[in-house]
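Trainee: My questions will all concern the structure given below.
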Amino acid sequence: MRRVPLDKIFLQPGVHLHWLRLAGTVRFEVGAELASRFDEVWRAFEIEGCPAPTTFLEGHPLSEDDFLFALFAGAVHAREQMPEFWVEIEPDAVVWHGAFD
């Protein structure tokens with residue numbers, strides 16, 4: 001498992017995806033509040049059928065929350081690149097799990 005501190009959230013989504021490919025699991029240590037907010041956004045994204053990110057963001061403006069937007073954009077990118085991708089929410093972290101063909 002790759003552990004990612006909050007100050008590394010703003011790396012390009014491709015970097016996070018690379019770490020996910022290497023480790024299979026990436027744990028973003030973001031604190032309880034951000035983990036909870038991401039959980040709400042990600043659940044809404046899944047409930048709405050995982051629409052195009054631009055469509056989703058029209059109804060869920062994340063532009064004022066850079067950390068939440070970075071997590072969301074990275075998760076969408078990983079989901080698009082992986083046959084299996086899922087998110088786990090821990091009390092103080094967001095954990096990405098993935099598998100490749």
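Simple scheme: letters A, B, ... for chains in structure tokens order, numbers from 1 for residues in each chain, numbers from 1 for ligands in the order shown.
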Excluding same-chain residues fewer than 3 positions from stretch 16-19 of chain A, what lies within 10 Å of it counting only C-alpha atoms, as a PyMOL selection string?

Mentor: chain A and resi 1-4+8-13+22-26+28+71+74-75+77-79+81-82+96+98

Trainee: Could you turn the residues from that selection into a file that holds C-alpha atoms, as an mmCIF file, in the first residue's frame?

Mentor:
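Once written, out12.cif looks like this:
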```cif
data_model
loop_
_atom_site.group_PDB
_atom_site.id
_atom_site.type_symbol
_atom_site.label_atom_id
_atom_site.label_comp_id
_atom_site.auth_asym_id
_atom_site.auth_seq_id
_atom_site.Cartn_x
_atom_site.Cartn_y
_atom_site.Cartn_z
ATOM 1 C CA MET A 1 0.000 0.000 0.000
ATOM 2 C CA ARG A 2 1.271 3.433 -0.922
ATOM 3 C CA ARG A 3 0.525 6.093 1.693
ATOM 4 C CA VAL A 4 -0.027 9.599 0.382
ATOM 5 C CA LYS A 8 0.916 15.175 -2.203
ATOM 6 C CA ILE A 9 -2.748 15.328 -3.277
ATOM 7 C CA PHE A 10 -2.011 17.898 -5.975
ATOM 8 C CA LEU A 11 0.317 15.659 -7.970
ATOM 9 C CA GLN A 12 -0.999 14.813 -11.426
ATOM 10 C CA PRO A 13 -3.611 12.013 -11.478
ATOM 11 C CA LEU A 22 2.770 -0.439 -8.479
ATOM 12 C CA ALA A 23 1.173 -0.978 -5.082
ATOM 13 C CA GLY A 24 -2.395 -2.089 -5.875
ATOM 14 C CA THR A 25 -3.675 0.203 -3.126
ATOM 15 C CA VAL A 26 -3.169 3.905 -2.456
ATOM 16 C CA PHE A 28 -4.702 9.180 0.849
ATOM 17 C CA LEU A 71 -9.288 13.482 -5.241
ATOM 18 C CA GLY A 74 -7.797 11.396 -9.760
ATOM 19 C CA ALA A 75 -10.409 8.786 -8.899
ATOM 20 C CA HIS A 77 -8.991 9.046 -14.093
ATOM 21 C CA ALA A 78 -8.095 5.799 -12.299
ATOM 22 C CA ARG A 79 -11.603 4.420 -12.858
ATOM 23 C CA GLN A 81 -7.949 3.340 -16.805
ATOM 24 C CA MET A 82 -8.662 0.229 -14.737
ATOM 25 C CA TRP A 96 -8.143 3.456 -3.802
ATOM 26 C CA GLY A 98 -7.316 -1.366 -8.350
#
```

Trainee: List as a PyMOL selection string the protein and nucleic acid residues near stretch 58-64 of chain A, meaning an atom at most 10 Å away when only C-alpha atoms are counted, but skip any in the same chain fewer than 6 places from it.

Mentor: chain A and resi 41+44-45+70+72

Trainee: Write out the residues from the selection above, keeping C-alpha atoms, as a tab-separated table (two decimals), in the first residue's frame.

Mentor:
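After the write, result21.tsv holds the following:
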```tsv
chain	number	residue	atom	x	y	z
A	41	VAL	CA	-19.29	13.17	-3.75
A	44	ALA	CA	-23.39	10.76	-5.71
A	45	PHE	CA	-21.21	10.14	-8.78
A	70	ALA	CA	-8.07	16.70	-6.89
A	72	PHE	CA	-12.34	13.35	-7.49
```

Trainee: Taking the DSSP assignment computed from this structure's backbone, write out as a PyMOL selection string all residues of stretch 3-101 of chain A that belong to strand (DSSP E).

Mentor: chain A and resi 3-5+25-29+84-90+93-99

Trainee: Which residue gives the smallest distance to A:Pro53 among A:Asp7, A:Glu80, A:Arg21, A:His97, with only C-alpha atoms counted?

Mentor: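 For A:Pro53, the nearest of the candidates is A:Glu80.
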
Trainee: Which of these, A:Thr55, A:Glu33, A:Arg27, A:Gly49, has the shortest distance to A:Val94 once you count only C-alpha atoms?

Mentor: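 Smallest separation from A:Val94 among the options: A:Arg27.
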
Trainee: If you run DSSP on the backbone here, which positions in chain A get alpha helix (DSSP H)? Please write them as an MDAnalysis selection string.

Mentor: chainID A and resid 13:23 32:47 53:59 66:81

Trainee: Check the smallest atom-to-atom distance from each of A:Leu68, A:Val15, A:Ala99, A:Ile47 to A:Val30 using only C-alpha atoms, then report the winner.

Mentor: A:Leu68

Trainee: Kindly indicate which residue among A:Ala32, A:Leu57, A:Leu20, A:Ala52 lies nearest to A:Phe85, using only C-alpha atoms for the distances.

Mentor: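 Distance minimum relative to A:Phe85 lands on A:Leu20.
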
Trainee: Smallest atom-to-atom distance to A:Leu6: which of A:Phe56, A:Glu29, A:Pro91, A:Trp86, using only C-alpha atoms?

Mentor: A:Glu29

Trainee: What's the separation between atom CA of A:Ile89 and atom CA of A:Phe38, in Å to one decimal place?

Mentor: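 Answer for the atom CA of A:Ile89 to atom CA of A:Phe38 separation: 8.5 Å.
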
Trainee: Hey, can you check how far atom CA of A:Pro83 sits from atom CA of A:Glu40?

Mentor: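 Distance between the two atoms: 23.1 Å.
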
Trainee: One number please: atom CA of A:Asp65 to atom CA of A:Glu84, in Å, one decimal.

Mentor: 27.2 Å
